[in-house]
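K.L.:
File name query05.tsv; file contents TSV, C-alpha atoms and all ligand atoms; full text below.
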```
chain	number	residue	atom	x	y	z
A	11	MET	CA	98.22	88.94	114.84
A	12	SER	CA	97.69	91.81	117.23
A	13	GLN	CA	96.81	89.52	120.14
A	14	LEU	CA	99.45	86.95	119.29
A	15	VAL	CA	102.31	89.43	119.19
A	16	GLN	CA	101.12	91.10	122.35
A	17	GLU	CA	101.08	87.67	124.00
A	18	ILE	CA	104.79	87.31	123.38
A	19	GLY	CA	105.45	90.59	125.09
A	20	ILE	CA	106.48	92.50	122.02
A	21	ALA	CA	105.43	95.87	123.38
A	22	LYS	CA	107.93	95.69	126.23
A	23	GLU	CA	110.67	94.30	124.04
A	24	MET	CA	110.29	97.14	121.57
A	25	ALA	CA	111.31	99.73	124.14
A	26	ALA	CA	114.73	98.05	124.27
A	27	PHE	CA	115.12	98.82	120.56
A	28	GLY	CA	114.21	102.46	121.11
A	29	ALA	CA	110.90	101.72	119.43
A	30	GLU	CA	107.26	102.19	120.26
A	31	TRP	CA	104.64	99.48	119.76
A	32	LEU	CA	101.31	100.75	118.41
A	33	PRO	CA	98.66	98.04	118.05
A	34	ALA	CA	95.87	98.03	115.45
A	35	VAL	CA	96.58	101.39	113.81
A	36	PRO	CA	94.21	102.26	110.93
A	37	MET	CA	96.36	102.47	107.80
A	38	SER	CA	93.88	105.03	106.48
A	39	GLU	CA	95.62	107.42	108.90
A	40	HIS	CA	99.01	106.71	107.32
A	41	THR	CA	98.19	106.85	103.61
A	42	SER	CA	97.41	109.90	101.51
A	43	LEU	CA	94.53	108.01	99.86
A	44	GLU	CA	93.12	107.54	103.39
A	45	VAL	CA	92.20	103.91	102.86
A	46	GLY	CA	93.54	100.68	104.35
A	47	GLY	CA	92.73	98.29	107.22
A	48	ARG	CA	94.39	98.20	110.61
A	49	ALA	CA	97.91	97.00	111.29
A	50	ASP	CA	100.21	96.71	114.26
A	51	MET	CA	102.97	99.26	113.98
A	52	VAL	CA	106.48	99.72	115.39
A	53	ARG	CA	107.71	103.30	115.41
A	54	VAL	CA	111.51	103.40	115.46
A	55	ARG	CA	113.33	106.39	116.92
A	56	ASP	CA	116.92	105.20	116.63
A	57	LEU	CA	117.80	103.83	113.20
A	58	ARG	CA	120.79	101.93	114.55
A	59	HIS	CA	118.38	99.48	116.17
A	60	ILE	CA	116.73	98.46	112.89
A	61	PRO	CA	118.89	95.31	112.39
A	62	GLU	CA	118.12	93.97	115.88
A	63	LEU	CA	114.47	94.86	115.55
A	64	VAL	CA	114.10	93.07	112.22
A	65	GLU	CA	116.01	90.08	113.56
A	66	TYR	CA	113.65	89.95	116.52
A	67	LEU	CA	110.60	89.90	114.26
A	68	ASP	CA	112.17	87.39	111.82
A	69	GLU	CA	113.12	85.00	114.63
A	70	ARG	CA	109.54	84.94	115.81
A	71	GLY	CA	108.16	84.49	112.32
A	72	ILE	CA	106.36	87.83	112.47
A	73	PRO	CA	106.02	89.22	108.94
A	74	TRP	CA	106.82	92.92	108.55
A	75	ARG	CA	106.88	95.66	105.99
A	76	PHE	CA	108.43	99.06	106.00
A	77	LEU	CA	105.93	101.92	105.91
A	78	GLY	CA	107.16	105.32	104.71
A	79	GLY	CA	105.01	108.40	104.22
A	80	GLY	CA	102.20	106.39	102.60
A	81	SER	CA	101.81	108.88	99.76
A	82	ASN	CA	102.31	106.41	96.91
A	83	LEU	CA	100.65	103.47	98.57
A	84	LEU	CA	97.32	101.67	98.28
A	85	ILE	CA	96.65	99.32	101.21
A	86	SER	CA	93.70	96.90	101.06
A	87	ASP	CA	90.76	97.25	103.44
A	88	ASP	CA	91.12	94.16	105.60
A	89	ASP	CA	93.17	94.11	108.79
A	90	ARG	CA	96.78	93.18	108.13
A	91	SER	CA	98.77	90.23	109.36
A	92	ASP	CA	102.13	91.98	108.97
A	93	VAL	CA	103.71	94.56	111.26
A	94	MET	CA	104.47	98.01	109.87
A	95	ILE	CA	107.94	99.33	110.71
A	96	HIS	CA	107.91	103.12	110.59
A	97	LEU	CA	110.67	105.68	111.19
A	98	ALA	CA	109.88	108.51	113.58
A	99	ARG	CA	110.95	111.97	112.46
A	100	GLY	CA	113.82	113.44	114.45
A	101	PRO	CA	115.23	116.90	115.15
A	102	SER	CA	118.40	116.36	113.04
A	103	ASP	CA	116.79	115.12	109.84
A	104	VAL	CA	118.80	117.50	107.61
A	105	VAL	CA	122.51	118.25	108.23
A	106	PHE	CA	124.54	120.52	105.92
A	107	ASP	CA	128.18	120.15	104.90
A	108	GLY	CA	129.05	122.64	102.13
A	109	ASN	CA	127.06	121.70	99.04
A	110	ARG	CA	126.39	118.27	100.49
A	111	VAL	CA	123.50	117.54	102.74
A	112	GLN	CA	122.73	114.48	104.78
A	113	VAL	CA	119.01	113.81	105.02
A	114	SER	CA	117.22	111.18	107.08
A	115	ALA	CA	114.85	108.91	105.17
A	116	ALA	CA	112.11	109.97	107.58
A	117	ALA	CA	112.36	113.64	106.58
A	118	ASN	CA	109.54	115.17	104.56
A	119	LEU	CA	110.77	115.60	100.97
A	120	GLY	CA	109.22	119.01	100.33
A	121	THR	CA	110.51	120.39	103.63
A	122	ALA	CA	114.01	119.10	102.87
A	123	VAL	CA	113.96	120.76	99.43
A	124	LEU	CA	113.00	124.09	101.03
A	125	GLN	CA	115.63	123.78	103.78
A	126	CYS	CA	118.25	123.20	101.07
A	127	ALA	CA	116.97	126.19	99.08
A	128	LYS	CA	117.43	128.42	102.12
A	129	LYS	CA	121.10	127.36	102.20
A	130	ASN	CA	121.40	128.33	98.50
A	131	LEU	CA	121.40	124.70	97.37
A	132	GLY	CA	119.30	123.76	94.34
A	133	GLY	CA	118.73	120.86	91.98
A	134	MET	CA	115.59	119.42	93.57
A	135	GLU	CA	113.13	122.27	92.95
A	136	GLY	CA	110.80	120.13	90.85
A	137	LEU	CA	110.39	117.72	93.76
A	138	VAL	CA	109.05	120.28	96.18
A	139	GLY	CA	105.40	119.38	95.63
A	140	VAL	CA	105.93	115.61	95.65
A	141	PRO	CA	104.34	114.39	98.86
A	142	GLY	CA	105.98	111.86	101.15
A	143	THR	CA	109.30	111.14	102.78
A	144	VAL	CA	112.83	111.27	101.42
A	145	GLY	CA	113.01	107.48	101.95
A	146	GLY	CA	109.92	106.92	99.81
A	147	ALA	CA	111.29	109.25	97.14
A	148	LEU	CA	114.56	107.27	97.11
A	149	ARG	CA	112.83	103.92	96.85
A	150	MET	CA	110.73	104.99	93.85
A	151	ASN	CA	113.22	107.48	92.40
A	152	ALA	CA	110.54	110.15	92.64
A	153	GLY	CA	110.66	112.77	89.93
A	154	ALA	CA	108.84	115.79	88.57
A	155	TYR	CA	109.49	118.62	86.16
A	156	GLY	CA	112.66	117.13	84.72
A	157	GLN	CA	114.32	116.26	88.03
A	158	GLN	CA	114.52	112.98	89.87
A	159	ILE	CA	116.04	112.39	93.29
A	160	GLY	CA	118.45	109.71	92.02
A	161	ASP	CA	120.33	112.40	90.05
A	162	VAL	CA	121.59	114.12	93.20
A	163	VAL	CA	122.32	111.07	95.38
A	164	ARG	CA	125.97	110.59	96.27
A	165	THR	CA	125.83	107.96	99.00
A	166	LEU	CA	122.95	106.08	100.49
A	167	THR	CA	122.73	104.34	103.84
A	168	LEU	CA	120.30	101.46	103.95
A	169	TYR	CA	119.48	98.35	105.92
A	170	ARG	CA	119.83	95.28	103.74
A	171	HIS	CA	117.60	92.47	104.91
A	172	ALA	CA	119.59	89.94	102.85
A	173	THR	CA	122.75	90.59	104.90
A	174	GLY	CA	121.15	91.89	108.08
A	175	GLN	CA	123.56	94.85	107.95
A	176	ILE	CA	123.40	98.61	107.60
A	177	GLU	CA	125.46	99.54	104.53
A	178	THR	CA	126.54	102.84	102.99
A	179	ILE	CA	126.81	102.58	99.21
A	180	HIS	CA	127.68	104.73	96.22
A	181	PRO	CA	124.73	103.89	93.98
A	182	GLU	CA	125.76	102.84	90.46
A	183	SER	CA	124.37	104.61	87.45
A	184	GLY	CA	121.81	101.83	86.90
A	185	SER	CA	120.47	102.01	90.47
A	186	PHE	CA	117.94	104.73	89.67
A	187	ALA	CA	115.64	104.46	86.65
A	188	TYR	CA	112.26	106.00	85.79
A	189	ARG	CA	110.15	105.46	88.93
A	190	HIS	CA	112.23	102.39	89.69
A	191	THR	CA	115.32	101.48	91.73
A	192	SER	CA	117.37	98.32	91.91
A	193	PHE	CA	117.06	97.95	95.69
A	194	ALA	CA	115.39	94.83	97.10
A	195	PRO	CA	111.80	95.31	98.33
A	196	ASP	CA	112.88	94.56	101.90
A	197	ASP	CA	115.84	96.97	101.91
A	198	ILE	CA	115.10	99.92	104.19
A	199	MET	CA	116.37	103.37	103.21
A	200	LEU	CA	117.83	105.09	106.26
A	201	SER	CA	119.61	108.24	105.12
A	202	VAL	CA	121.20	109.82	102.09
A	203	PHE	CA	123.98	112.24	101.16
A	204	LEU	CA	122.81	114.53	98.39
A	205	GLU	CA	125.16	116.71	96.36
A	206	LEU	CA	123.44	119.90	95.27
A	207	ALA	CA	124.23	122.88	93.08
A	208	GLU	CA	125.07	126.20	94.72
A	209	ARG	CA	122.62	128.84	93.47
A	210	PRO	CA	121.04	131.99	94.88
A	211	TYR	CA	117.97	131.37	97.02
A	212	SER	CA	115.89	133.79	94.93
A	213	GLU	CA	116.61	131.79	91.76
A	214	ILE	CA	115.73	128.48	93.42
A	215	LEU	CA	112.56	129.98	94.88
A	216	GLU	CA	111.47	131.26	91.48
A	217	ARG	CA	111.84	127.77	89.97
A	218	ILE	CA	109.94	126.25	92.92
A	219	LYS	CA	107.10	128.73	92.35
A	220	GLN	CA	106.95	127.87	88.63
A	221	CYS	CA	106.71	124.15	89.39
A	222	ASN	CA	104.02	124.75	91.99
A	223	VAL	CA	101.95	126.81	89.56
A	224	LYS	CA	102.16	124.03	86.95
A	225	ARG	CA	101.30	121.37	89.49
A	226	ARG	CA	98.32	123.29	90.88
A	227	ALA	CA	96.95	123.77	87.36
A	228	SER	CA	97.33	120.16	86.27
A	229	GLN	CA	97.00	117.95	89.36
A	230	PRO	CA	94.31	117.55	92.05
A	231	ILE	CA	96.61	118.64	94.88
A	232	ASN	CA	93.77	119.39	97.29
A	233	GLU	CA	92.20	115.96	97.06
A	234	LYS	CA	93.19	112.63	98.60
A	235	SER	CA	95.27	110.71	96.07
A	236	ALA	CA	98.45	108.68	95.66
A	237	GLY	CA	99.79	110.77	92.79
A	238	CYS	CA	99.83	109.13	89.38
A	239	ILE	CA	98.36	105.64	89.47
A	240	PHE	CA	100.19	104.25	86.44
A	241	LYS	CA	103.64	104.83	84.99
A	242	ASN	CA	103.85	106.43	81.59
A	243	PRO	CA	104.66	103.93	78.83
A	244	PRO	CA	107.90	104.73	76.96
A	245	GLY	CA	107.31	107.88	74.92
A	246	GLY	CA	103.64	108.07	75.91
A	247	SER	CA	101.37	109.70	78.46
A	248	THR	CA	98.97	107.58	80.48
A	249	GLY	CA	97.00	110.63	81.64
A	250	LYS	CA	96.43	111.68	78.03
A	251	MET	CA	95.28	108.18	77.01
A	252	ILE	CA	92.82	107.88	79.91
A	253	ASP	CA	91.56	111.38	79.15
A	254	GLU	CA	91.07	110.55	75.46
A	255	LEU	CA	88.82	107.64	76.44
A	256	GLY	CA	86.59	110.08	78.32
A	257	LEU	CA	87.19	108.38	81.65
A	258	LYS	CA	87.61	111.52	83.76
A	259	GLY	CA	84.90	111.58	86.42
A	260	SER	CA	84.37	107.78	86.24
A	261	ARG	CA	83.37	106.57	89.66
A	262	VAL	CA	83.39	103.29	91.60
A	263	GLY	CA	81.96	103.69	95.11
A	264	GLY	CA	83.80	106.66	96.60
A	265	ALA	CA	86.71	106.63	94.14
A	266	VAL	CA	86.76	108.95	91.14
A	267	VAL	CA	89.09	109.46	88.15
A	268	SER	CA	90.21	113.06	88.68
A	269	GLU	CA	88.77	115.62	86.27
A	270	ARG	CA	92.01	117.59	86.62
A	271	HIS	CA	94.44	114.79	85.73
A	272	ALA	CA	93.18	111.48	84.40
A	273	ASN	CA	96.10	109.46	85.81
A	274	PHE	CA	95.01	110.37	89.36
A	275	ILE	CA	92.31	108.52	91.27
A	276	VAL	CA	90.92	110.57	94.13
A	277	ASN	CA	89.13	109.40	97.25
A	278	ARG	CA	86.23	111.84	97.13
A	279	TYR	CA	83.35	110.05	98.82
A	280	HIS	CA	84.82	107.89	101.62
A	281	ALA	CA	86.20	105.32	99.19
A	282	LYS	CA	87.34	101.87	100.18
A	283	ALA	CA	90.56	100.43	98.79
A	284	ALA	CA	88.34	97.94	96.94
A	285	ASP	CA	86.67	100.82	95.03
A	286	ILE	CA	90.06	102.16	93.95
A	287	LEU	CA	91.29	98.70	92.93
A	288	LYS	CA	88.17	98.18	90.79
A	289	LEU	CA	88.68	101.55	89.12
A	290	ILE	CA	92.34	100.69	88.44
A	291	GLU	CA	91.30	97.42	86.76
A	292	MET	CA	88.61	99.15	84.72
A	293	ILE	CA	91.14	101.72	83.43
A	294	ARG	CA	93.73	99.04	82.71
A	295	GLU	CA	91.25	97.00	80.63
A	296	ARG	CA	89.97	100.02	78.72
A	297	ILE	CA	93.50	101.19	77.85
A	298	LEU	CA	94.56	97.71	76.74
A	299	LYS	CA	91.52	97.39	74.52
A	300	ALA	CA	91.79	100.86	72.99
A	301	PHE	CA	95.56	101.30	72.69
A	302	GLY	CA	97.01	97.79	73.12
A	303	VAL	CA	99.14	99.20	75.98
A	304	GLU	CA	99.65	97.18	79.18
A	305	LEU	CA	99.80	99.79	81.93
A	306	GLU	CA	102.16	99.28	84.82
A	307	GLU	CA	101.17	100.66	88.21
A	308	GLU	CA	103.22	103.45	89.69
A	309	VAL	CA	101.38	103.26	92.99
A	310	ILE	CA	102.49	100.44	95.29
A	311	ILE	CA	99.67	98.08	96.21
A	312	TRP	CA	99.68	96.01	99.41
A	313	LYS	CA	97.01	93.35	99.43
A	314	ASN	CA	96.85	91.07	102.44
A	401	LIG	N1	97.26	115.16	79.79
A	401	LIG	C1	95.99	115.13	79.31
A	401	LIG	N2	94.98	114.86	80.17
A	401	LIG	C2	95.18	114.58	81.47
A	401	LIG	C3	96.49	114.60	81.97
A	401	LIG	C4	97.52	114.89	81.10
A	401	LIG	O1	95.77	115.36	78.11
A	401	LIG	O2	94.21	114.34	82.18
A	401	LIG	C5	98.36	115.49	78.87
A	401	LIG	C6	99.00	116.84	79.23
A	401	LIG	O3	98.31	117.91	78.66
A	401	LIG	C7	100.40	116.67	78.70
A	401	LIG	C8	100.68	115.18	78.87
A	401	LIG	O4	99.41	114.55	79.01
A	401	LIG	O5	100.43	116.97	77.35
A	401	LIG	C9	101.55	114.88	80.09
A	401	LIG	O6	100.88	115.34	81.27
A	401	LIG	P1	101.67	115.99	82.51
A	401	LIG	O7	102.54	117.08	82.04
A	401	LIG	O8	100.67	116.25	83.57
A	401	LIG	O9	102.68	114.86	82.95
A	401	LIG	P2	102.44	113.33	83.27
A	401	LIG	O10	103.36	112.57	82.36
A	401	LIG	O11	101.02	112.96	83.27
A	401	LIG	C10	104.41	113.17	84.96
A	401	LIG	C11	104.59	112.37	86.21
A	401	LIG	C12	104.08	113.17	87.40
A	401	LIG	C13	104.82	114.51	87.48
A	401	LIG	C14	104.56	115.26	86.19
A	401	LIG	C15	105.31	116.57	86.11
A	401	LIG	C16	104.40	109.99	85.75
A	401	LIG	C17	103.51	108.81	85.74
A	401	LIG	N3	103.84	111.14	86.13
A	401	LIG	O12	103.01	113.27	84.76
A	401	LIG	O13	104.40	112.43	88.56
A	401	LIG	O14	104.36	115.25	88.58
A	401	LIG	O15	105.01	114.45	85.07
A	401	LIG	O16	106.66	116.34	85.92
A	401	LIG	O17	105.58	109.90	85.44
A	401	LIG	C18	103.72	110.84	90.21
A	401	LIG	O18	104.82	110.33	90.06
A	401	LIG	O19	102.88	110.40	91.01
A	401	LIG	C19	103.38	112.01	89.41
A	401	LIG	C20	102.22	112.61	89.50
```
How would this structure read if it were set down as structure tokens?

P.N.:
Amino acid sequence: MSQLVQEIGIAKEMAAFGAEWLPAVPMSEHTSLEVGGRADMVRVRDLRHIPELVEYLDERGIPWRFLGGGSNLLISDDDRSDVMIHLARGPSDVVFDGNRVQVSAAANLGTAVLQCAKKNLGGMEGLVGVPGTVGGALRMNAGAYGQQIGDVVRTLTLYRHATGQIETIHPESGSFAYRHTSFAPDDIMLSVFLELAERPYSEILERIKQCNVKRRASQPINEKSAGCIFKNPPGGSTGKMIDELGLKGSRVGGAVVSERHANFIVNRYHAKAADILKLIEMIRERILKAFGVELEEEVIIWKN
């Protein structure tokens, strides 16, 4: 694909959309698991050009996907045939208006939480240690320590591929569920208005510290991972089940079931995506056999 798209002059055309064309970028550099083959990438600086850019790719039959922070993503090892659309971070990612804050999807989630805290705005403290972008958090309704981002969303601006338009919506109550949202897979989150609670900075900071202490004690935060691999089944804990089967430390190639939290797979010894996928299947089979529970992945998997 790289040669083909270059043949049609895509690199030059991209500049007209305020975008940068980056051929054959290793996806291992864009995922927290540090695995994944190469893909051509378009880095967009001006969100308003997204509709034209997508239309351009669609018209030429060039498949694309939207790549966020890559922190909840497992990309297979082979080179990809689709183009990765990626938002560049900008200087005005977070803009305050009283207890409301407009945040770009490209902003780092943890940084945004801290910026809000400094303005005495709380309600997202639990999310501070969740890696990735605000856009990724919105797509998955990221949550931790009793808080999920969907709870503080007032309006959301997104590009809807189905209509080809940028829309600003008031999400309905059913839009955000446990690690799930009702948006189409090819909708692109662009920015969000969050409504936060006014609280003293010191109080917010204290809560952030407590969450960080808990996270450090129970999750392998210094290793390469994609967070929890599977969702929890209703009323249950996947980490506990995997732990009970004695699977901590299980290894396939360079991928290991974390000794700190059994629902994390870490890339400890230069793992390939294939190693991680095998380990995922092994865990899934063992859990089904032992508990009769069909685990659902929390991590997003892109095979070619
Ligand atoms: N547990 C074990 N062994 C393990 C891991 C956990 O026995 O190896 C037990 C714990 O002792 C606890 C229970 O399982 O009694 C639940 O564990 P924990 O409190 O770590 O929470 P979790 O349900 O495993 C969820 C989210 C995390 C989030 C934490 C904190 C999911 C799939 N995971 O983990 O989110 O950080 O709560 O709120 O919902 C993620 O989304 O990627 C993620 C890591």

K.L.:
Give me, as a tab-separated table, the closest atom pair and its distance (Å, one decimal) for every residue of chain A within a cut-off of 9 Å of ligand LIG 401 (chain A), counting all atoms listed in the file, rows sorted by chain and rising number.

P.N.:
```
residue	atom	partner	partner_atom	distance
A:Ser81	CA	A:LIG401	O19	8.9
A:Asn82	CA	A:LIG401	O19	7.1
A:Gly136	CA	A:LIG401	O16	7.5
A:Leu137	CA	A:LIG401	O14	8.3
A:Gly139	CA	A:LIG401	O14	8.2
A:Val140	CA	A:LIG401	O14	7.3
A:Pro141	CA	A:LIG401	O19	8.9
A:Met150	CA	A:LIG401	O18	8.8
A:Ala152	CA	A:LIG401	O18	6.3
A:Gly153	CA	A:LIG401	O18	6.3
A:Ala154	CA	A:LIG401	O16	3.5
A:Tyr155	CA	A:LIG401	O16	3.6
A:Gly156	CA	A:LIG401	O16	6.2
A:Gln157	CA	A:LIG401	O16	7.9
A:Tyr188	CA	A:LIG401	O17	7.7
A:Arg189	CA	A:LIG401	O17	7.3
A:Cys221	CA	A:LIG401	C15	8.4
A:Lys224	CA	A:LIG401	C15	8.1
A:Arg225	CA	A:LIG401	O14	6.9
A:Ser228	CA	A:LIG401	O8	5.8
A:Gln229	CA	A:LIG401	O8	7.1
A:Ala236	CA	A:LIG401	O19	6.6
A:Gly237	CA	A:LIG401	O19	3.6
A:Cys238	CA	A:LIG401	O19	3.7
A:Ile239	CA	A:LIG401	O19	6.7
A:Phe240	CA	A:LIG401	C17	5.7
A:Lys241	CA	A:LIG401	C17	4.1
A:Asn242	CA	A:LIG401	C17	4.8
A:Pro243	CA	A:LIG401	C17	8.5
A:Gly246	CA	A:LIG401	O10	7.9
A:Ser247	CA	A:LIG401	O10	5.2
A:Thr248	CA	A:LIG401	O11	6.4
A:Gly249	CA	A:LIG401	C3	4.0
A:Lys250	CA	A:LIG401	C1	3.7
A:Met251	CA	A:LIG401	O1	7.3
A:Ile252	CA	A:LIG401	O2	7.0
A:Asp253	CA	A:LIG401	N2	5.0
A:Glu254	CA	A:LIG401	O1	7.2
A:Lys258	CA	A:LIG401	O2	7.3
A:Ser268	CA	A:LIG401	O2	7.7
A:Glu269	CA	A:LIG401	O2	6.9
A:Arg270	CA	A:LIG401	O2	5.9
A:His271	CA	A:LIG401	O2	3.6
A:Ala272	CA	A:LIG401	O2	3.8
A:Asn273	CA	A:LIG401	O2	6.4
A:Phe274	CA	A:LIG401	C20	7.6
A:Glu307	CA	A:LIG401	C17	8.8
A:Glu308	CA	A:LIG401	C17	6.7
A:Val309	CA	A:LIG401	O19	7.6
```

K.L.:
For the interface of region 102-157 of chain A with region 204-218 of chain A (cut-off 6 Å, counting only C-alpha atoms), please tabulate each contacting residue of region 102-157 of chain A alongside its nearest pair of atoms and their separation in Å to one decimal, rows sorted by chain and increasing number, as a Markdown table.

P.N.:
```
| residue | atom | partner | partner_atom | distance |
| --- | --- | --- | --- | --- |
| A:Asn109 | CA | A:Leu206 | CA | 5.5 |
| A:Arg110 | CA | A:Glu205 | CA | 4.6 |
| A:Val111 | CA | A:Leu204 | CA | 5.3 |
| A:Ala127 | CA | A:Tyr211 | CA | 5.7 |
| A:Lys128 | CA | A:Tyr211 | CA | 5.9 |
| A:Asn130 | CA | A:Tyr211 | CA | 4.8 |
| A:Leu131 | CA | A:Glu208 | CA | 4.8 |
| A:Gly132 | CA | A:Ala207 | CA | 5.2 |
| A:Gly133 | CA | A:Leu206 | CA | 5.8 |
| A:Glu135 | CA | A:Ile218 | CA | 5.1 |
```

K.L.:
Of the candidates A:Trp74, A:Phe193, A:Phe186, A:Phe203, which shows the shortest atom-to-atom distance to Thr167 (chain A), using all atoms listed in the file?

P.N.:
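Under the stated criterion, the closest residue is A:Phe203.
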
K.L.:
Mind listing as number ranges by chain all residues within 7 Å of (87.7, 108.5, 94.7), counting all atoms listed in the file?

P.N.:
A: 261, 264-267, 275-279, 281, 286

K.L.:
Extract, using all atoms listed in the file, all DNA, RNA and protein residues at most 9 Å from Ala29 (chain A), discarding same-chain residues fewer than 3 positions from it, and format them as a list in words.

P.N.:
Ala21, Glu23, Met24, Ala25, Ala26, Val52, Arg53, Val54, Arg55, Asp56, His59 and Leu63 of chain A

K.L.:
Ranking A:Gly174, A:Pro244, A:Gly108, A:Gly146 by minimum distance to Val64 (chain A) and counting all atoms listed in the file, which one comes first?

P.N.:
A:Gly174

K.L.:
Have a look at CA of Asp196 (chain A) and CA of Arg75 (chain A) and let me know their distance in Å, one decimal.

P.N.:
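Computed distance, CA of Asp196 (chain A) to CA of Arg75 (chain A), equals 7.3 Å.
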
K.L.:
Select, from A:His40, A:Leu57, A:Gly47, A:Ser91, the residue with the minimum atom-to-atom distance to Gly28 (chain A), counting all atoms listed in the file.

P.N.:
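Answer, going by the shortest atom-to-atom distance: A:Leu57.
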
K.L.:
Point out the residue among A:Val262, A:Ala34, A:Leu166, A:Ile95 with the least atom-to-atom distance to Ala283 (chain A), counting all atoms listed in the file.

P.N.:
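The closest residue to Ala283 (chain A) is A:Val262.
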
K.L.:
If we count only C-alpha atoms, what is near His280 (chain A) at a cut-off of 10 Å, once residues fewer than 4 positions away on the same chain are taken out, given as a PyMOL selection string?

P.N.:
chain A and resi 43-45+263-265+285

K.L.:
Expressed in Å to a single decimal, how great is the separation between CA of Lys129 (chain A) and CA of Asp107 (chain A)?

P.N.:
10.5 Å

K.L.:
What is the distance between CA of Pro33 (chain A) and CA of Asp103 (chain A), in Å to one decimal?

P.N.:
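These atoms are spaced 26.2 Å apart.
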
K.L.:
Give me, as a list in words, all polymer residues having an atom no more than 9 Å from Asn314 (chain A), counting only C-alpha atoms and skipping those fewer than 5 positions away in the same chain.

P.N.:
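Counting only the stated atoms, we get Ile85, Ser86, Asp87, Asp88, Asp89, Arg90, Ser91 and Asp92 of chain A.
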
K.L.:
Save the residues we just selected, C-alpha atoms, as a PDB file, in the coordinates of the input?

P.N.:
```pdb
ATOM      1  CA  ILE A  85      96.650  99.320 101.210  1.00  0.00           C
ATOM      2  CA  SER A  86      93.700  96.900 101.060  1.00  0.00           C
ATOM      3  CA  ASP A  87      90.760  97.250 103.440  1.00  0.00           C
ATOM      4  CA  ASP A  88      91.120  94.160 105.600  1.00  0.00           C
ATOM      5  CA  ASP A  89      93.170  94.110 108.790  1.00  0.00           C
ATOM      6  CA  ARG A  90      96.780  93.180 108.130  1.00  0.00           C
ATOM      7  CA  SER A  91      98.770  90.230 109.360  1.00  0.00           C
ATOM      8  CA  ASP A  92     102.130  91.980 108.970  1.00  0.00           C
TER       9      ASP A  92
END
```

K.L.:
Counting only C-alpha atoms, what is within 6 Å of Val123 (chain A), bar same-chain residues fewer than 3 positions away, as number ranges by chain?

P.N.:
A: 120, 126, 138

K.L.:
Let me make sure I understand: among A:Thr143, A:Ser102, A:Ser38, A:Ser260, which one has the smallest atom-to-atom distance to Asn118 (chain A) if we use all atoms listed in the file?

P.N.:
A:Thr143

K.L.:
Find the residue from A:Ile231, A:Val223, A:Ile159, A:Leu84 that sits nearest to Leu119 (chain A); use all atoms listed in the file when measuring.

P.N.:
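Using all atoms listed in the file, Leu119 (chain A) sits closest to A:Ile159.
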
K.L.:
Could you pull the residues within 9 Å of Pro181 (chain A), counting all atoms listed in the file, minus those fewer than 6 positions along the same chain, as a list in words?

P.N.:
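Here the qualifying residues turn out to be Gly160, Val163, Arg164, Thr165 and Leu166 of chain A.
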
K.L.:
For region 78-89 of chain A, which lacks atoms in the input, supply N, CA and C atoms and format the output as an mmCIF file, keeping the file's coordinate frame.

P.N.:
```cif
data_model
loop_
_atom_site.group_PDB
_atom_site.id
_atom_site.type_symbol
_atom_site.label_atom_id
_atom_site.label_comp_id
_atom_site.auth_asym_id
_atom_site.auth_seq_id
_atom_site.Cartn_x
_atom_site.Cartn_y
_atom_site.Cartn_z
ATOM 1 N N GLY A 78 106.605 103.957 104.779
ATOM 2 C CA GLY A 78 107.160 105.320 104.710
ATOM 3 C C GLY A 78 106.052 106.342 104.929
ATOM 4 N N GLY A 79 106.000 107.333 104.078
ATOM 5 C CA GLY A 79 105.010 108.400 104.220
ATOM 6 C C GLY A 79 103.620 108.002 103.735
ATOM 7 N N GLY A 80 103.517 106.886 103.039
ATOM 8 C CA GLY A 80 102.200 106.390 102.600
ATOM 9 C C GLY A 80 101.576 107.214 101.489
ATOM 10 N N SER A 81 102.397 107.981 100.763
ATOM 11 C CA SER A 81 101.810 108.880 99.760
ATOM 12 C C SER A 81 101.771 108.268 98.363
ATOM 13 N N ASN A 82 102.336 107.068 98.220
ATOM 14 C CA ASN A 82 102.310 106.410 96.910
ATOM 15 C C ASN A 82 101.877 104.965 97.103
ATOM 16 N N LEU A 83 100.950 104.804 98.053
ATOM 17 C CA LEU A 83 100.650 103.470 98.570
ATOM 18 C C LEU A 83 99.148 103.242 98.654
ATOM 19 N N LEU A 84 98.728 102.071 98.175
ATOM 20 C CA LEU A 84 97.320 101.670 98.280
ATOM 21 C C LEU A 84 97.284 100.383 99.108
ATOM 22 N N ILE A 85 96.701 100.465 100.293
ATOM 23 C CA ILE A 85 96.650 99.320 101.210
ATOM 24 C C ILE A 85 95.210 98.799 101.240
ATOM 25 N N SER A 86 95.050 97.480 101.121
ATOM 26 C CA SER A 86 93.700 96.900 101.060
ATOM 27 C C SER A 86 92.945 97.103 102.381
ATOM 28 N N ASP A 87 91.628 96.857 102.331
ATOM 29 C CA ASP A 87 90.760 97.250 103.440
ATOM 30 C C ASP A 87 90.825 96.354 104.675
ATOM 31 N N ASP A 88 91.168 95.094 104.467
ATOM 32 C CA ASP A 88 91.120 94.160 105.600
ATOM 33 C C ASP A 88 92.291 94.395 106.557
ATOM 34 N N ASP A 89 92.102 93.940 107.805
ATOM 35 C CA ASP A 89 93.170 94.110 108.790
ATOM 36 C C ASP A 89 94.383 93.277 108.373
#
```
